[in-house]
Amino acid sequence: MYSASDLRKGLKIQIDGEPYILTEFEFSKPGKGQALYRCKLRNMISGNQFTNTYRSNDKFEKADLEERKMQFLYNQDDEFHFMDTENYEQLFLTREQLGDNINFLMDNMEVQVLFFGTRPIDVSLPIFVDLAVTQADPWARGDTSGTDTKPVTVETGYQLQVPPFVEEGDKIQIDTRTGQYVTRVKE
């Protein structure tokens, strides 16, 4: 159990059987009375946010969260199949559950899957992934628009802006947090 004095940004707690993460936190001590803790919380399953104020004697249950190393196997329609690397159990997640992570998933990629009880709720990808460029338009020299980037498509179907020297067939490194080009990978 957590008390209100344990609250801080990033803490994961359980309220009414649902996991929440504190996204903002503010402490105030009025002249008289108890200290107040104003928190902005986000539901880790639905994404809904709300703000609430707690007193110093309030208690919170620790969220039953567990992270497991899993391997992405394949996708079939809108189902993405993963395998636990320790006990070889398989599970699938939907396109909605994965969100933008589907842009960077490669076969056999190892990821961290966050579970609430037995229910998978989030997938953490490696920070950087190396993907091959499958389509790159030639860059027009003398383009004076001020942007020295061009659009490319990588093997997962994701499109992003890269410097003009990147060509079709090159491997590039992408930051999965921002979805932006980092560098060209030498093989």
# chains A, B, ... in the order shown; residues from 1 in each chain; ligands from 1
>>> residues_around(residues="A:Gln14", least_positions_apart="4", cutoff="9 Å", atoms="only C-alpha atoms", output="list of chain:residue names")
A:Glu18, A:Pro19, A:Tyr20, A:Ile21, A:Phe60, A:Glu61, A:Lys62, A:Ala63, A:Asp64
>>> write_last_selection(atoms="N, CA, C and O atoms", output="tab-separated table (two decimals), in the first residue's frame")
chain	number	residue	atom	x	y	z
A	18	GLU	N	-8.48	-0.77	-11.44
A	18	GLU	CA	-7.87	-0.37	-12.72
A	18	GLU	C	-6.50	0.26	-12.45
A	18	GLU	O	-6.32	0.98	-11.46
A	19	PRO	N	-5.51	0.02	-13.32
A	19	PRO	CA	-4.18	0.63	-13.13
A	19	PRO	C	-4.15	2.07	-13.64
A	19	PRO	O	-4.66	2.36	-14.72
A	20	TYR	N	-3.56	2.95	-12.86
A	20	TYR	CA	-3.41	4.36	-13.23
A	20	TYR	C	-1.96	4.76	-13.05
A	20	TYR	O	-1.26	4.25	-12.18
A	21	ILE	N	-1.53	5.73	-13.87
A	21	ILE	CA	-0.19	6.30	-13.73
A	21	ILE	C	-0.36	7.79	-13.45
A	21	ILE	O	-1.22	8.45	-14.05
A	60	PHE	N	-3.35	4.05	-1.08
A	60	PHE	CA	-3.51	3.57	-2.45
A	60	PHE	C	-2.92	2.18	-2.58
A	60	PHE	O	-1.88	1.89	-1.99
A	61	GLU	N	-3.57	1.37	-3.38
A	61	GLU	CA	-3.09	0.02	-3.63
A	61	GLU	C	-2.07	0.06	-4.77
A	61	GLU	O	-2.25	0.78	-5.76
A	62	LYS	N	-1.01	-0.72	-4.62
A	62	LYS	CA	0.00	-0.81	-5.67
A	62	LYS	C	-0.60	-1.57	-6.85
A	62	LYS	O	-1.27	-2.57	-6.68
A	63	ALA	N	-0.37	-1.06	-8.07
A	63	ALA	CA	-0.90	-1.72	-9.27
A	63	ALA	C	-0.16	-3.04	-9.49
A	63	ALA	O	1.06	-3.11	-9.37
A	64	ASP	N	-0.91	-4.09	-9.79
A	64	ASP	CA	-0.36	-5.43	-10.02
A	64	ASP	C	0.17	-5.50	-11.45
A	64	ASP	O	-0.48	-6.03	-12.34
>>> select_by_dssp(residues="stretch 93-151 of chain A", states="helix (DSSP H, G or I)", output="PyMOL selection string")
chain A and resi 95-103
>>> residues_around(residues="stretch 155-166 of chain A", least_positions_apart="4", cutoff="10 Å", atoms="only C-alpha atoms", output="VMD selection string")
chain A and resid 100 102 to 106 131 to 141 147 to 151 170 to 172 174 179 to 184
>>> residues_around(residues="A:Gln76", least_positions_apart="6", cutoff="12 Å", atoms="only C-alpha atoms", output="list of chain:residue names")
A:Phe82, A:Phe92, A:Leu93, A:Thr94, A:Arg95
>>> closest_residue(among="A:Gly117, A:Lys40, A:Phe80, A:Met109", to="A:Glu96", atoms="only C-alpha atoms")
A:Phe80
>>> closest_residue(among="A:Met83, A:Leu73, A:Ile45, A:Leu11", to="A:Pro120", atoms="only C-alpha atoms")
A:Ile45
>>> closest_residue(among="A:Ile15, A:Val154, A:Val111, A:Ala35", to="A:Arg55", atoms="only C-alpha atoms")
A:Ala35
>>> select_by_dssp(residues="chain A", states="strand (DSSP E or B)", output="number ranges by chain")
A: 2-3, 12-15, 18-28, 36-43, 49-55, 59-62, 65-76, 79-84, 90-94, 110-116, 119-124, 128-136, 150-154, 159-162, 171-175, 180-185
